[in-house]
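Colleague: Structure provided below as structure tokens; questions to follow.
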Amino acid sequence: MEFTGLSTDQAPPISAPFRFFLTAPLFGVLAGVFVLLSDSTILMSRYSIDSIVVTHAMTIGFLAFMMLGSITQMLPVLAGAKIPKVHFVATTSHALLTVGTLFMLIGLVRGNYFLEYVAFFCLGIGFMIILTALVIALKGVVNYTPTVRGIATSVFFAFFIVFMGLYLLLSHMIKDISIAHTIVANVHSVWAIFGFVGTLIIGVSFQVLPMFYVAPKFKSFCKQKVIWLISAGLLLWLFLSFFYEEYSIVAKIWIAIFFLAFATAVWLKLNRRRRPVSDVTVWYWRSASLFLILGTFLWIFDEYFKHEYIVMVAILIGGFILSIMIGMVYKIVPFLVWFHLNASGYMNIPNINEMINKNLARTQFLFFIAALIGFVFAFYMPAVLNYSAVSFIISMALLEYNIVSPVLIYRRVKKTKPDFDMSSLKQ
Amino acid sequence: MNSIQEYLTQSHDKCDELFAMTEERASTSLQSAKEVCAEFIAETERHFQMEERVMFVAFENKTGMTQGPTAMMRHEHTQMRTLMQQMQEALAAENKDKFFGFSETLMMLIQQHNMKEEQMLYPMAQQHLSEDSQKIVEMMHSMISQ
């Protein structure tokens, strides 16, 4: 048996997760700019090019980057898993995914075949490199805890949604839009949200929420069964969508029930947490819970209105996912900076509360919430859309600043060497 | 009697409980947190020593790995000891911002440390030391913290 995750040498270098964290908010800014340049009536249609561009600036550019960055960091800690050649995997996949996402977005906007073609390969190879590395790491895990199962399930769905995404991009490029295109697009989006992102969030929450806030633990039934039940729901939904569309609501309700239960559990557990601290990360857990409750309700409700509200569902569920991701980044980034510096022997360094300006983090939260509420209302009042987009851009720019600040502290300490540096002993 | 894994995990929970109480008190007044903070630090120190003086030693003797996971865990214990000391200094200086800054840092450090122990090291230790498990738990239980 190995103890790969317990060795500092095998823990990922700080640059591995950070390159993803630092890039993600920039795509968030870009998504906001795309909204500004677009028009509410066009964005109301989920299949318009503008909607697809905005969605993917957020889903690949922001969410996938945040998730890949955090999985790279968390797998060794949560599972003792060693990601093979982690530096190579992180740098190459990050570069390919950045170029791929940018080219895809610009290619779609401009209808440029060449850019889309490059994007197709960059995204395909970029995702395959990192996902394969994660599979190899997960194969070596000895103790398959519920959280590791959540991560593994998420990676499983990731492969499918990447292949479906590539198929959709290709069929768009060669202008071969069949009936299957819409069905695949639908599966791609639902599996991405609930399969790829949802299972990861739930799996990690089992561990993180009780630990960081000294909140009550999740019940054993939840930890053992919920990921499987959600996965079964998603497979059932796939089957029904293809063959018995009129009954697909059954699977939708199945999936929604577990996410509603999760959202409620998060809210109640936070109420019963033992730690009195109420920082911005707690606010984000709260907003995530509320967005998820509203989003899943509307997702079911939308079925009876011929998918009239699907864009609003996407905004609300997007609000849930973004809240979780941003909250997590506020916890993880200062800690990693502190941990890596301290492990190198630097003792005179700021503690993790001193790395990000609390007021700026709160301001970022407020702009984010204002933007999300604005986007929902823009559904009825198109004039609100531009203000919301600006608010969103500000929130993403502030987030970038709040992530850059600890990174600058890291660089400054490494450069000025305020006290004895143990890392020099290793060489 | 519990297994090594159960015994030490319960000890983590006890420390978490005392940590939460310390923060709870400190949010009202730092003065009122001093006693429970000292209790938390004593309990955590006892936990460290149960590992460093009993379980880690047994594990290292059995597996021959002295520079492996136990060395890493010992290193993190040192990091935590420094933070606990800084927390106490902040309490003495009545500096609330500093206190909560250190407590937050310590909390993150403890939790990621506990995750590694509970999910990797303890199951491994239980497996390698299964024959002596009872004896090791008893030794840890009766150990007097230094």
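Naming scheme: A, B, ... for chains in displayed order of the structure tokens; residues 1 onward per chain; ligands 1 onward as shown.
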May I have the residues within 9 Å of Asn357 of chain A as a list of chain:residue names, using only C-alpha atoms and disregarding those fewer than 4 positions away in the same chain?
Modeller: A:Asn353, A:Ala361, A:Arg362, A:Asn402, A:Ser405
Colleague: With C-alpha atoms retained, could you export that selection as a short mmCIF file (atom, residue, chain, number, x, y, z; two decimals), in the first residue's frame?
Modeller:
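Printed below is selection-v6.cif as written:
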data_model
loop_
_atom_site.label_atom_id
_atom_site.label_comp_id
_atom_site.auth_asym_id
_atom_site.auth_seq_id
_atom_site.Cartn_x
_atom_site.Cartn_y
_atom_site.Cartn_z
CA ASN A 353 -7.81 35.82 7.20
CA ALA A 361 -14.94 39.69 -0.63
CA ARG A 362 -18.29 40.91 0.73
CA ASN A 402 -9.27 38.58 -4.50
CA SER A 405 -3.95 39.13 -3.76
#
Colleague: Figure out the distance between atom CA of Met120 of chain B and atom CA of Ile4 of chain B, please, to one decimal in Å.
Modeller: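 Here the two named atoms are 12.7 Å from each other.
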Colleague: Can you check which residues of chain B have any atom within 9 Å of chain A? Use only C-alpha atoms and format it as a PyMOL selection string.
Modeller: chain B and resi 16-17+19-21+23-24+27+68-73+75-76+79+82+97-98+100-102+104-105+107-109+111-113+115-117+119-121+123-124
Colleague: Please dump the current selection as a short mmCIF file (atom, residue, chain, number, x, y, z; two decimals), in the first residue's frame; keep C-alpha atoms.
Modeller:
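The resulting again-v2.cif:
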data_model
loop_
_atom_site.label_atom_id
_atom_site.label_comp_id
_atom_site.auth_asym_id
_atom_site.auth_seq_id
_atom_site.Cartn_x
_atom_site.Cartn_y
_atom_site.Cartn_z
CA ASP B 16 -13.16 19.66 17.20
CA GLU B 17 -15.82 20.06 19.85
CA PHE B 19 -12.23 24.04 19.27
CA ALA B 20 -15.81 25.02 18.41
CA MET B 21 -16.44 25.90 22.06
CA GLU B 23 -14.45 30.02 19.10
CA GLU B 24 -17.98 30.25 20.45
CA SER B 27 -16.96 35.48 19.73
CA GLY B 68 6.90 8.30 5.10
CA PRO B 69 3.47 9.40 6.19
CA THR B 70 4.27 9.59 9.90
CA ALA B 71 7.09 12.09 9.22
CA MET B 72 4.61 14.21 7.25
CA MET B 73 2.06 14.03 10.06
CA HIS B 75 5.61 17.96 10.54
CA GLU B 76 1.98 19.08 10.44
CA GLN B 79 2.77 23.57 12.30
CA THR B 82 2.92 26.96 16.46
CA ASP B 97 -8.77 39.81 14.64
CA LYS B 98 -5.50 38.00 15.15
CA PHE B 100 -9.78 34.50 14.62
CA GLY B 101 -7.15 34.71 11.87
CA PHE B 102 -5.06 32.07 13.61
CA GLU B 104 -9.30 29.93 10.98
CA THR B 105 -5.84 28.95 9.75
CA MET B 107 -9.03 24.96 11.57
CA MET B 108 -8.16 24.48 7.91
CA LEU B 109 -4.86 22.87 8.78
CA GLN B 111 -9.23 19.45 9.03
CA GLN B 112 -7.09 18.61 6.04
CA HIS B 113 -4.71 16.84 8.42
CA MET B 115 -8.84 13.90 6.52
CA LYS B 116 -5.48 12.42 5.59
CA GLU B 117 -5.24 10.55 8.87
CA GLN B 119 -8.97 8.25 5.38
CA MET B 120 -5.47 6.96 4.81
CA LEU B 121 -3.16 6.62 7.75
CA PRO B 123 -6.98 2.46 8.05
CA MET B 124 -3.41 1.51 7.09
#
Colleague: State, in Å with one decimal place, the distance from atom CA of Lys219 of chain A to atom CA of Ile151 of chain A.
Modeller: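 A separation of 18.7 Å between them.
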Colleague: From a DSSP pass on the backbone, collect the residues of chain B flagged as alpha helix (DSSP H) and hand them back as an MDAnalysis selection string.
Modeller: chainID B and resid 4:28 30:49 56:63 69:92 96:116 122:128 133:142
Colleague: Residues as selected, C-alpha atoms, written as a CSV table (one decimal), in the first residue's frame, can you do that?
Modeller:
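Resulting contents of result_1.csv:
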chain,number,residue,atom,x,y,z
B,4,ILE,CA,-7.1,2.3,16.5
B,5,GLN,CA,-9.0,4.0,13.8
B,6,GLU,CA,-12.2,4.5,15.9
B,7,TYR,CA,-10.3,5.6,18.9
B,8,LEU,CA,-8.2,8.3,17.2
B,9,THR,CA,-11.2,9.5,15.1
B,10,GLN,CA,-13.2,10.0,18.3
B,11,SER,CA,-10.3,11.9,19.7
B,12,HIS,CA,-10.4,14.2,16.6
B,13,ASP,CA,-14.1,14.8,17.2
B,14,LYS,CA,-13.5,15.7,20.9
B,15,CYS,CA,-10.8,18.2,19.8
B,16,ASP,CA,-13.2,19.7,17.2
B,17,GLU,CA,-15.8,20.1,19.9
B,18,LEU,CA,-13.4,21.9,22.2
B,19,PHE,CA,-12.2,24.0,19.3
B,20,ALA,CA,-15.8,25.0,18.4
B,21,MET,CA,-16.4,25.9,22.1
B,22,THR,CA,-13.3,28.1,22.1
B,23,GLU,CA,-14.4,30.0,19.1
B,24,GLU,CA,-18.0,30.3,20.5
B,25,ARG,CA,-16.8,31.8,23.7
B,26,ALA,CA,-14.2,34.0,21.9
B,27,SER,CA,-17.0,35.5,19.7
B,28,THR,CA,-18.5,36.9,22.9
B,30,LEU,CA,-11.8,36.7,24.4
B,31,GLN,CA,-11.4,36.7,28.2
B,32,SER,CA,-14.1,34.0,28.6
B,33,ALA,CA,-12.4,31.8,26.0
B,34,LYS,CA,-9.1,31.4,27.8
B,35,GLU,CA,-10.0,28.4,29.9
B,36,VAL,CA,-11.6,26.4,27.2
B,37,CYS,CA,-8.8,27.3,24.7
B,38,ALA,CA,-6.3,25.9,27.2
B,39,GLU,CA,-8.4,22.8,27.5
B,40,PHE,CA,-8.6,22.5,23.7
B,41,ILE,CA,-4.8,22.9,23.4
B,42,ALA,CA,-4.1,20.3,26.1
B,43,GLU,CA,-6.5,17.8,24.5
B,44,THR,CA,-4.9,18.4,21.1
B,45,GLU,CA,-1.4,18.0,22.5
B,46,ARG,CA,-2.5,14.8,24.2
B,47,HIS,CA,-3.8,13.5,20.8
B,48,PHE,CA,-0.5,14.4,19.1
B,49,GLN,CA,1.5,12.6,21.8
B,56,PHE,CA,3.4,6.3,15.0
B,57,VAL,CA,6.2,4.5,16.8
B,58,ALA,CA,4.4,1.1,16.5
B,59,PHE,CA,3.6,1.8,12.9
B,60,GLU,CA,7.2,2.8,12.0
B,61,ASN,CA,8.6,-0.3,13.8
B,62,LYS,CA,6.2,-2.6,12.0
B,63,THR,CA,6.5,-1.1,8.5
B,69,PRO,CA,3.5,9.4,6.2
B,70,THR,CA,4.3,9.6,9.9
B,71,ALA,CA,7.1,12.1,9.2
B,72,MET,CA,4.6,14.2,7.3
B,73,MET,CA,2.1,14.0,10.1
B,74,ARG,CA,4.7,14.9,12.7
B,75,HIS,CA,5.6,18.0,10.5
B,76,GLU,CA,2.0,19.1,10.4
B,77,HIS,CA,1.7,18.6,14.2
B,78,THR,CA,4.6,21.1,14.5
B,79,GLN,CA,2.8,23.6,12.3
B,80,MET,CA,-0.3,23.2,14.5
B,81,ARG,CA,1.6,23.6,17.7
B,82,THR,CA,2.9,27.0,16.5
B,83,LEU,CA,-0.6,28.1,15.5
B,84,MET,CA,-2.0,27.1,18.9
B,85,GLN,CA,0.7,29.1,20.6
B,86,GLN,CA,-0.1,32.1,18.4
B,87,MET,CA,-3.8,31.7,19.2
B,88,GLN,CA,-3.0,31.8,22.9
B,89,GLU,CA,-0.7,34.9,22.4
B,90,ALA,CA,-3.6,36.6,20.6
B,91,LEU,CA,-5.9,35.7,23.5
B,92,ALA,CA,-3.5,37.2,26.0
B,96,LYS,CA,-9.7,39.5,18.3
B,97,ASP,CA,-8.8,39.8,14.6
B,98,LYS,CA,-5.5,38.0,15.2
B,99,PHE,CA,-7.2,35.3,17.3
B,100,PHE,CA,-9.8,34.5,14.6
B,101,GLY,CA,-7.1,34.7,11.9
B,102,PHE,CA,-5.1,32.1,13.6
B,103,SER,CA,-8.1,30.0,14.6
B,104,GLU,CA,-9.3,29.9,11.0
B,105,THR,CA,-5.8,28.9,9.7
B,106,LEU,CA,-5.6,26.3,12.4
B,107,MET,CA,-9.0,25.0,11.6
B,108,MET,CA,-8.2,24.5,7.9
B,109,LEU,CA,-4.9,22.9,8.8
B,110,ILE,CA,-6.4,20.5,11.3
B,111,GLN,CA,-9.2,19.5,9.0
B,112,GLN,CA,-7.1,18.6,6.0
B,113,HIS,CA,-4.7,16.8,8.4
B,114,ASN,CA,-7.6,14.8,9.9
B,115,MET,CA,-8.8,13.9,6.5
B,116,LYS,CA,-5.5,12.4,5.6
B,122,TYR,CA,-5.6,5.2,10.3
B,123,PRO,CA,-7.0,2.5,8.1
B,124,MET,CA,-3.4,1.5,7.1
B,125,ALA,CA,-2.3,1.5,10.7
B,126,GLN,CA,-5.3,-0.6,11.7
B,127,GLN,CA,-4.4,-3.1,9.0
B,128,HIS,CA,-0.7,-3.3,9.8
B,133,SER,CA,-4.5,-3.0,18.1
B,134,GLN,CA,-6.0,-3.5,21.5
B,135,LYS,CA,-2.7,-3.1,23.2
B,136,ILE,CA,-1.9,0.1,21.3
B,137,VAL,CA,-5.3,1.6,22.1
B,138,GLU,CA,-4.9,0.8,25.8
B,139,MET,CA,-1.4,2.4,25.8
B,140,MET,CA,-2.7,5.5,24.1
B,141,HIS,CA,-5.7,5.6,26.5
B,142,SER,CA,-3.5,5.4,29.6
Colleague: To one decimal place, how far is atom CA of Gly111 of chain A from atom CA of Ile52 of chain A in Å?
Modeller: 12.8 Å
Colleague: Would you kindly return, as a ChimeraX atom specification, each protein, DNA or RNA residue with an atom no farther than 12 Å from any atom of Met396 of chain A, considering only C-alpha atoms and excluding same-chain residues fewer than 3 positions away?
Modeller: /A:21-33,58,62,322,326,360-361,363-369,371,389-393,399-403
Colleague: Can you pull out every residue within 12 Å of Thr59 of chain A, counting only C-alpha atoms, but drop anything in the same chain fewer than 3 positions away, and send it as an MDAnalysis selection string?
Modeller: chainID A and resid 24:25 27:28 31 51:56 62:68 101 105 161:162 165 188:189 192:193 196:197 314:315 317:319 321:322 325
Colleague: Would you mind listing what lies within 12 Å of segment 37-47 of chain A as a PDB file with N, CA and C atoms, in the first residue's frame, with only C-alpha atoms counted and same-chain residues fewer than 6 positions away left out?
Modeller:
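Written file, result-v9.pdb:
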ATOM      1  N   LEU A  30     -15.426  37.650 -19.342  1.00  0.00           N
ATOM      2  CA  LEU A  30     -15.723  37.518 -20.777  1.00  0.00           C
ATOM      3  C   LEU A  30     -17.202  37.181 -21.002  1.00  0.00           C
ATOM      4  N   ALA A  31     -17.730  36.273 -20.164  1.00  0.00           N
ATOM      5  CA  ALA A  31     -19.145  35.908 -20.283  1.00  0.00           C
ATOM      6  C   ALA A  31     -20.011  37.145 -20.084  1.00  0.00           C
ATOM      7  N   VAL A  53     -22.695  30.719 -26.477  1.00  0.00           N
ATOM      8  CA  VAL A  53     -21.391  31.343 -26.193  1.00  0.00           C
ATOM      9  C   VAL A  53     -21.311  31.758 -24.726  1.00  0.00           C
ATOM     10  N   VAL A  54     -22.337  32.440 -24.238  1.00  0.00           N
ATOM     11  CA  VAL A  54     -22.324  32.881 -22.837  1.00  0.00           C
ATOM     12  C   VAL A  54     -22.263  31.662 -21.911  1.00  0.00           C
ATOM     13  N   THR A  55     -23.104  30.672 -22.194  1.00  0.00           N
ATOM     14  CA  THR A  55     -23.138  29.480 -21.347  1.00  0.00           C
ATOM     15  C   THR A  55     -21.765  28.826 -21.264  1.00  0.00           C
ATOM     16  N   HIS A  56     -21.102  28.690 -22.422  1.00  0.00           N
ATOM     17  CA  HIS A  56     -19.827  27.955 -22.407  1.00  0.00           C
ATOM     18  C   HIS A  56     -18.658  28.788 -21.874  1.00  0.00           C
ATOM     19  N   VAL A 109     -19.020  32.941 -32.382  1.00  0.00           N
ATOM     20  CA  VAL A 109     -19.529  34.303 -32.598  1.00  0.00           C
ATOM     21  C   VAL A 109     -19.310  34.723 -34.053  1.00  0.00           C
ATOM     22  N   LEU A 168     -21.424  17.823 -30.667  1.00  0.00           N
ATOM     23  CA  LEU A 168     -22.274  18.983 -30.966  1.00  0.00           C
ATOM     24  C   LEU A 168     -21.489  20.052 -31.727  1.00  0.00           C
ATOM     25  N   HIS A 172     -22.166  21.127 -35.585  1.00  0.00           N
ATOM     26  CA  HIS A 172     -22.400  22.546 -35.882  1.00  0.00           C
ATOM     27  C   HIS A 172     -21.440  23.005 -36.990  1.00  0.00           C
ATOM     28  N   HIS A 181     -29.348  16.094 -32.645  1.00  0.00           N
ATOM     29  CA  HIS A 181     -28.574  17.222 -32.143  1.00  0.00           C
ATOM     30  C   HIS A 181     -29.231  17.836 -30.897  1.00  0.00           C
ATOM     31  N   THR A 182     -30.527  18.089 -30.994  1.00  0.00           N
ATOM     32  CA  THR A 182     -31.243  18.703 -29.868  1.00  0.00           C
ATOM     33  C   THR A 182     -31.275  17.774 -28.667  1.00  0.00           C
ATOM     34  N   ILE A 183     -31.502  16.490 -28.940  1.00  0.00           N
ATOM     35  CA  ILE A 183     -31.562  15.541 -27.823  1.00  0.00           C
ATOM     36  C   ILE A 183     -30.195  15.451 -27.150  1.00  0.00           C
ATOM     37  N   ALA A 185     -27.877  17.680 -27.156  1.00  0.00           N
ATOM     38  CA  ALA A 185     -27.624  18.957 -26.466  1.00  0.00           C
ATOM     39  C   ALA A 185     -28.300  18.962 -25.104  1.00  0.00           C
ATOM     40  N   ASN A 186     -29.510  18.420 -25.072  1.00  0.00           N
ATOM     41  CA  ASN A 186     -30.259  18.389 -23.827  1.00  0.00           C
ATOM     42  C   ASN A 186     -29.586  17.460 -22.806  1.00  0.00           C
ATOM     43  N   SER A 189     -26.366  19.004 -21.486  1.00  0.00           N
ATOM     44  CA  SER A 189     -26.496  20.053 -20.471  1.00  0.00           C
ATOM     45  C   SER A 189     -26.977  19.487 -19.133  1.00  0.00           C
ATOM     46  N   HIS A 307     -40.987  24.446 -21.672  1.00  0.00           N
ATOM     47  CA  HIS A 307     -39.602  24.913 -21.511  1.00  0.00           C
ATOM     48  C   HIS A 307     -39.419  26.420 -21.696  1.00  0.00           C
ATOM     49  N   GLU A 308     -40.485  27.144 -21.364  1.00  0.00           N
ATOM     50  CA  GLU A 308     -40.428  28.589 -21.483  1.00  0.00           C
ATOM     51  C   GLU A 308     -39.436  29.202 -20.490  1.00  0.00           C
ATOM     52  N   TYR A 309     -39.262  28.493 -19.359  1.00  0.00           N
ATOM     53  CA  TYR A 309     -38.439  29.068 -18.291  1.00  0.00           C
ATOM     54  C   TYR A 309     -37.047  28.449 -18.196  1.00  0.00           C
ATOM     55  N   ILE A 310     -36.663  27.718 -19.235  1.00  0.00           N
ATOM     56  CA  ILE A 310     -35.420  26.948 -19.110  1.00  0.00           C
ATOM     57  C   ILE A 310     -34.193  27.853 -18.911  1.00  0.00           C
ATOM     58  N   VAL A 311     -34.238  29.055 -19.514  1.00  0.00           N
ATOM     59  CA  VAL A 311     -33.104  29.966 -19.342  1.00  0.00           C
ATOM     60  C   VAL A 311     -33.032  30.440 -17.881  1.00  0.00           C
ATOM     61  N   MET A 312     -34.210  30.668 -17.305  1.00  0.00           N
ATOM     62  CA  MET A 312     -34.247  31.093 -15.901  1.00  0.00           C
ATOM     63  C   MET A 312     -33.754  29.957 -14.999  1.00  0.00           C
ATOM     64  N   VAL A 313     -34.125  28.716 -15.358  1.00  0.00           N
ATOM     65  CA  VAL A 313     -33.630  27.552 -14.606  1.00  0.00           C
ATOM     66  C   VAL A 313     -32.105  27.549 -14.644  1.00  0.00           C
ATOM     67  N   ALA A 314     -31.565  27.787 -15.850  1.00  0.00           N
ATOM     68  CA  ALA A 314     -30.100  27.770 -16.012  1.00  0.00           C
ATOM     69  C   ALA A 314     -29.448  28.857 -15.152  1.00  0.00           C
ATOM     70  N   ILE A 315     -30.088  30.031 -15.091  1.00  0.00           N
ATOM     71  CA  ILE A 315     -29.520  31.128 -14.289  1.00  0.00           C
ATOM     72  C   ILE A 315     -29.504  30.734 -12.811  1.00  0.00           C
ATOM     73  N   PHE A 375     -30.368  39.146 -13.582  1.00  0.00           N
ATOM     74  CA  PHE A 375     -30.545  38.256 -14.743  1.00  0.00           C
ATOM     75  C   PHE A 375     -31.921  37.594 -14.725  1.00  0.00           C
ATOM     76  N   VAL A 376     -32.357  37.191 -13.538  1.00  0.00           N
ATOM     77  CA  VAL A 376     -33.674  36.555 -13.438  1.00  0.00           C
ATOM     78  C   VAL A 376     -34.765  37.563 -13.813  1.00  0.00           C
ATOM     79  N   PHE A 377     -34.639  38.786 -13.289  1.00  0.00           N
ATOM     80  CA  PHE A 377     -35.669  39.799 -13.584  1.00  0.00           C
ATOM     81  C   PHE A 377     -35.621  40.268 -15.033  1.00  0.00           C
ATOM     82  N   ALA A 378     -34.428  40.174 -15.625  1.00  0.00           N
ATOM     83  CA  ALA A 378     -34.295  40.601 -17.024  1.00  0.00           C
ATOM     84  C   ALA A 378     -35.205  39.774 -17.932  1.00  0.00           C
ATOM     85  N   PHE A 379     -35.613  38.637 -17.398  1.00  0.00           N
ATOM     86  CA  PHE A 379     -36.556  37.786 -18.105  1.00  0.00           C
ATOM     87  C   PHE A 379     -37.839  38.554 -18.419  1.00  0.00           C
ATOM     88  N   TYR A 380     -38.244  39.397 -17.464  1.00  0.00           N
ATOM     89  CA  TYR A 380     -39.463  40.192 -17.652  1.00  0.00           C
ATOM     90  C   TYR A 380     -39.164  41.636 -18.020  1.00  0.00           C
ATOM     91  N   MET A 381     -38.004  42.110 -17.571  1.00  0.00           N
ATOM     92  CA  MET A 381     -37.646  43.510 -17.830  1.00  0.00           C
ATOM     93  C   MET A 381     -36.302  43.560 -18.554  1.00  0.00           C
ATOM     94  N   PRO A 382     -36.309  43.506 -19.866  1.00  0.00           N
ATOM     95  CA  PRO A 382     -35.053  43.438 -20.623  1.00  0.00           C
ATOM     96  C   PRO A 382     -34.084  44.577 -20.290  1.00  0.00           C
ATOM     97  N   ALA A 383     -34.609  45.718 -19.854  1.00  0.00           N
ATOM     98  CA  ALA A 383     -33.732  46.866 -19.579  1.00  0.00           C
ATOM     99  C   ALA A 383     -32.741  46.563 -18.458  1.00  0.00           C
ATOM    100  N   VAL A 384     -33.103  45.604 -17.594  1.00  0.00           N
ATOM    101  CA  VAL A 384     -32.255  45.286 -16.437  1.00  0.00           C
ATOM    102  C   VAL A 384     -31.009  44.502 -16.862  1.00  0.00           C
ATOM    103  N   LEU A 385     -31.085  43.892 -18.051  1.00  0.00           N
ATOM    104  CA  LEU A 385     -30.029  42.963 -18.458  1.00  0.00           C
ATOM    105  C   LEU A 385     -28.634  43.587 -18.447  1.00  0.00           C
ATOM    106  N   ASN A 386     -28.513  44.772 -19.049  1.00  0.00           N
ATOM    107  CA  ASN A 386     -27.178  45.380 -19.139  1.00  0.00           C
ATOM    108  C   ASN A 386     -26.598  45.736 -17.776  1.00  0.00           C
ATOM    109  N   SER A 388     -27.256  44.225 -15.034  1.00  0.00           N
ATOM    110  CA  SER A 388     -26.877  42.958 -14.400  1.00  0.00           C
ATOM    111  C   SER A 388     -25.552  42.467 -14.957  1.00  0.00           C
ATOM    112  N   ALA A 389     -25.389  42.614 -16.269  1.00  0.00           N
ATOM    113  CA  ALA A 389     -24.140  42.163 -16.891  1.00  0.00           C
ATOM    114  C   ALA A 389     -22.962  42.945 -16.315  1.00  0.00           C
ATOM    115  N   VAL A 390     -23.153  44.266 -16.149  1.00  0.00           N
ATOM    116  CA  VAL A 390     -22.071  45.089 -15.597  1.00  0.00           C
ATOM    117  C   VAL A 390     -21.763  44.642 -14.169  1.00  0.00           C
TER     118      VAL A 390
END
